[in-house]
Amino acid sequence: NAGVTQTPKFRVLKTGQSMTLLCAQDMNHEYMYWYRQDPGMGLRLIHYSVGEGTTAKGEVPDGYNVSRLKKQNFLLGLESAAPSQTSVYFCASIPSGTGGLAGAAYNEQFFGPGTRLTVL
Amino acid sequence: RKEVEQDPGPFNVPEGATVAFNCTYSNSASQSFFWYRQDCRKEPKLLMSVYSSGNEDGRFTAQLNRASQYISLLIRDSKLSDSATYLCVVNLSGGYQKVTFGTGTKLQVIP
C-alpha cells in the first residue's frame, strides 16, 4: 500500500495563476481532508469530504475549491493564487469505522507527505 | 484563549532524561484526544490516542485531566530519535469538522 500520496511535492506560482493539488489514497478510506500548515498556526482544515461526490467547507475555505469524483482522489484547486496561500498543504484520510462521521473523530488520520507551495 | 494551546518550546533535554508536555483545551465538551508526532518537513503521524484512564506505550505515557482541561505526554529515557514536534489534537464529537490541532511543542534531545 502506498497509503496517502500527494502531487506535486513542490510548486512555485505567480500571483493570479491557478493550480490543482492531487491527493490519492489506496486504503479505501471514506473521509478525506485538506489542511494547510503555517508557522505558529497549527494545521487548519480547508475542506473535507465524507464520501465520493461530497465536499464541505472547513475552517479556512476561501480561495480554494475541491472535488471528489472518485473515492480514492481528493483534489484541491486554487483558481487565482495569492501570496497568502503560500503554505504547506497536507491531505489526510480516515477510515469510517463505526458511528459515521462522529466515529471518525476517534480514528487515526493518515497524512500524505505534503505539498510545499510558494506564491510570489 | 486559543481552543488548543501548547508551549511551543523548544525543549532541549539530554539523552535519558524524562520530559513532559502539556496541552490545554478550551471546550469542556471535547471527546477525543491525540498526540501526533511531526518530524522536520514531514507529515504528522499518530503517536498515541489519549484515553480517560490514561495510557502507556513503551516510554510514552499520555494522561487526560478533564477537570482542568488538559492532556499531557510524558517521555521517559529520551532518545535522540525522539527529537520532533509533538502536536496535540482535540476533537469535539458530533462532527469531524471540530478537530483542532495545537501548534506543536518542539523537542530536541541532545547527546
# chains A, B, ... in the order shown; residues from 1 in each chain; ligands from 1
$ select_by_dssp --residues "chain A" --states "strand (DSSP E)" --output "PyMOL selection string"
chain A and resi 4-7+10-13+19-25+31-38+42-49+56-57+64-67+73-78+87-94+110-111+115-119
$ residues_around --residues "Tyr70 in chain B" --least-positions-apart "5" --cutoff "6 Å" --atoms "only C-alpha atoms" --output "list in words"
Cys23, Thr24, Tyr25 and Asn65 of chain B
$ write_last_selection --atoms "N, CA, C and O atoms" --output "compact mmCIF listing (two decimals), in the first residue's frame"
# COMPACT_ATOMS: atom_id res chain seq x y z
N CYS B 23 -0.94 20.17 27.22
CA CYS B 23 -1.75 20.80 26.18
C CYS B 23 -3.09 21.13 26.82
O CYS B 23 -3.74 20.24 27.38
N THR B 24 -3.50 22.37 26.76
CA THR B 24 -4.80 22.76 27.34
C THR B 24 -5.80 22.97 26.22
O THR B 24 -5.46 23.38 25.12
N TYR B 25 -7.06 22.67 26.51
CA TYR B 25 -8.11 22.86 25.53
C TYR B 25 -9.26 23.63 26.16
O TYR B 25 -9.49 23.54 27.36
N ASN B 65 -6.81 15.08 31.86
CA ASN B 65 -7.39 15.68 33.05
C ASN B 65 -8.57 16.53 32.62
O ASN B 65 -8.40 17.67 32.18
$ atom_distance --atom1 "CA of Asn1 in chain A" --atom2 "CA of Ser32 in chain B"
27.6 Å
$ closest_atom_pairs --of "range 5-83 of chain B" --to "range 30-41 of chain A" --cutoff "12 Å" --atoms "only C-alpha atoms" --output "Markdown table"
| residue | atom | partner | partner_atom | distance |
| --- | --- | --- | --- | --- |
| B:Glu5 | CA | A:Met41 | CA | 10.7 |
| B:Gln6 | CA | A:Gly40 | CA | 10.7 |
| B:Asp7 | CA | A:Gly40 | CA | 11.1 |
| B:Pro8 | CA | A:Gly40 | CA | 8.5 |
| B:Gly9 | CA | A:Gly40 | CA | 11.7 |
| B:Gln38 | CA | A:Gln37 | CA | 11.8 |
| B:Arg41 | CA | A:Gln37 | CA | 10.9 |
| B:Lys42 | CA | A:Gln37 | CA | 11.4 |
| B:Glu43 | CA | A:Gln37 | CA | 10.2 |
| B:Pro44 | CA | A:Gln37 | CA | 10.8 |
$ closest_atom_pairs --of "chain B" --to "chain A" --cutoff "12 Å" --atoms "only C-alpha atoms" --output "CSV"
residue,atom,partner,partner_atom,distance
B:Lys2,CA,A:Met41,CA,10.5
B:Glu3,CA,A:Gly42,CA,11.4
B:Val4,CA,A:Gly42,CA,9.7
B:Glu5,CA,A:Gly42,CA,10.1
B:Gln6,CA,A:Gly42,CA,10.3
B:Asp7,CA,A:Gly40,CA,11.1
B:Pro8,CA,A:Gly40,CA,8.5
B:Gly9,CA,A:Gly40,CA,11.7
B:Ser30,CA,A:Ala105,CA,10.5
B:Gln31,CA,A:Tyr106,CA,8.4
B:Ser32,CA,A:Tyr106,CA,5.9
B:Phe33,CA,A:Tyr106,CA,7.9
B:Phe34,CA,A:Glu108,CA,8.7
B:Trp35,CA,A:Glu108,CA,10.4
B:Tyr36,CA,A:Gln109,CA,9.6
B:Arg37,CA,A:Phe111,CA,11.6
B:Gln38,CA,A:Phe111,CA,10.7
B:Asp39,CA,A:Pro113,CA,11.1
B:Cys40,CA,A:Pro113,CA,11.5
B:Arg41,CA,A:Gly114,CA,8.6
B:Lys42,CA,A:Pro113,CA,6.1
B:Glu43,CA,A:Pro113,CA,5.2
B:Pro44,CA,A:Phe111,CA,6.5
B:Lys45,CA,A:Phe110,CA,7.1
B:Leu46,CA,A:Glu108,CA,6.6
B:Leu47,CA,A:Glu108,CA,9.6
B:Met48,CA,A:Glu108,CA,9.0
B:Ser49,CA,A:Glu108,CA,8.3
B:Val50,CA,A:Tyr106,CA,10.1
B:Tyr51,CA,A:Tyr106,CA,10.5
B:Thr85,CA,A:Gly42,CA,11.2
B:Tyr86,CA,A:Gly42,CA,11.1
B:Leu87,CA,A:Gly42,CA,8.4
B:Cys88,CA,A:Gly42,CA,9.7
B:Val89,CA,A:Leu43,CA,9.8
B:Val90,CA,A:Ala105,CA,9.1
B:Asn91,CA,A:Ala105,CA,6.1
B:Leu92,CA,A:Ala105,CA,7.6
B:Ser93,CA,A:Ala102,CA,5.6
B:Gly94,CA,A:Ala102,CA,4.7
B:Gly95,CA,A:Ala102,CA,4.9
B:Tyr96,CA,A:Ala105,CA,5.2
B:Gln97,CA,A:Gly58,CA,6.4
B:Lys98,CA,A:Ala105,CA,8.5
B:Val99,CA,A:Ala105,CA,7.4
B:Thr100,CA,A:Arg44,CA,7.6
B:Phe101,CA,A:Gly42,CA,5.8
B:Gly102,CA,A:Gly42,CA,5.6
B:Thr103,CA,A:Gly42,CA,4.0
B:Gly104,CA,A:Gly42,CA,7.0
B:Thr105,CA,A:Gly40,CA,10.6
B:Lys106,CA,A:Gly40,CA,11.7
$ decode --residues "range 60-110 of chain A" --atoms "C-alpha atoms" --output "compact mmCIF listing (two decimals), in the first residue's frame"
# COMPACT_ATOMS: atom_id res chain seq x y z
CA VAL A 60 -10.36 28.36 6.07
CA PRO A 61 -12.09 27.56 2.74
CA ASP A 62 -11.86 30.94 1.00
CA GLY A 63 -9.81 30.92 -2.20
CA TYR A 64 -9.96 27.14 -2.56
CA ASN A 65 -12.24 24.66 -4.27
CA VAL A 66 -12.31 20.88 -4.03
CA SER A 67 -13.73 17.90 -5.81
CA ARG A 68 -14.06 14.22 -5.03
CA LEU A 69 -15.21 12.50 -8.17
CA LYS A 70 -13.62 9.19 -7.17
CA LYS A 71 -13.44 7.78 -3.67
CA GLN A 72 -9.66 7.47 -3.77
CA ASN A 73 -8.93 11.00 -5.01
CA PHE A 74 -9.46 14.42 -3.45
CA LEU A 75 -8.43 17.47 -5.47
CA LEU A 76 -7.71 20.93 -4.11
CA GLY A 77 -7.84 23.82 -6.54
CA LEU A 78 -6.55 27.36 -6.34
CA GLU A 79 -8.27 29.42 -9.02
CA SER A 80 -6.25 32.60 -8.57
CA ALA A 81 -3.30 32.12 -6.26
CA ALA A 82 -2.37 34.81 -3.74
CA PRO A 83 0.80 35.20 -1.64
CA SER A 84 -1.32 34.49 1.46
CA GLN A 85 -1.74 30.96 0.13
CA THR A 86 1.96 30.24 0.48
CA SER A 87 1.93 27.28 2.83
CA VAL A 88 2.47 23.57 3.24
CA TYR A 89 -0.64 21.63 2.25
CA PHE A 90 -1.39 18.24 3.76
CA CYS A 91 -4.02 15.79 2.74
CA ALA A 92 -5.32 13.23 5.22
CA SER A 93 -7.74 10.34 5.18
CA ILE A 94 -9.62 8.50 7.88
CA PRO A 95 -11.39 5.14 7.82
CA SER A 96 -15.08 5.38 8.53
CA GLY A 97 -15.15 2.80 11.31
CA THR A 98 -18.35 2.73 13.35
CA GLY A 99 -20.54 5.72 14.11
CA GLY A 100 -20.14 7.52 10.82
CA LEU A 101 -18.51 10.92 10.86
CA ALA A 102 -18.78 11.26 14.62
CA GLY A 103 -16.98 7.95 14.98
CA ALA A 104 -14.27 9.16 12.63
CA ALA A 105 -13.35 11.71 15.27
CA TYR A 106 -11.86 8.83 17.27
CA ASN A 107 -9.86 7.32 14.41
CA GLU A 108 -6.30 7.89 13.30
CA GLN A 109 -5.69 10.35 10.49
CA PHE A 110 -3.29 9.19 7.78
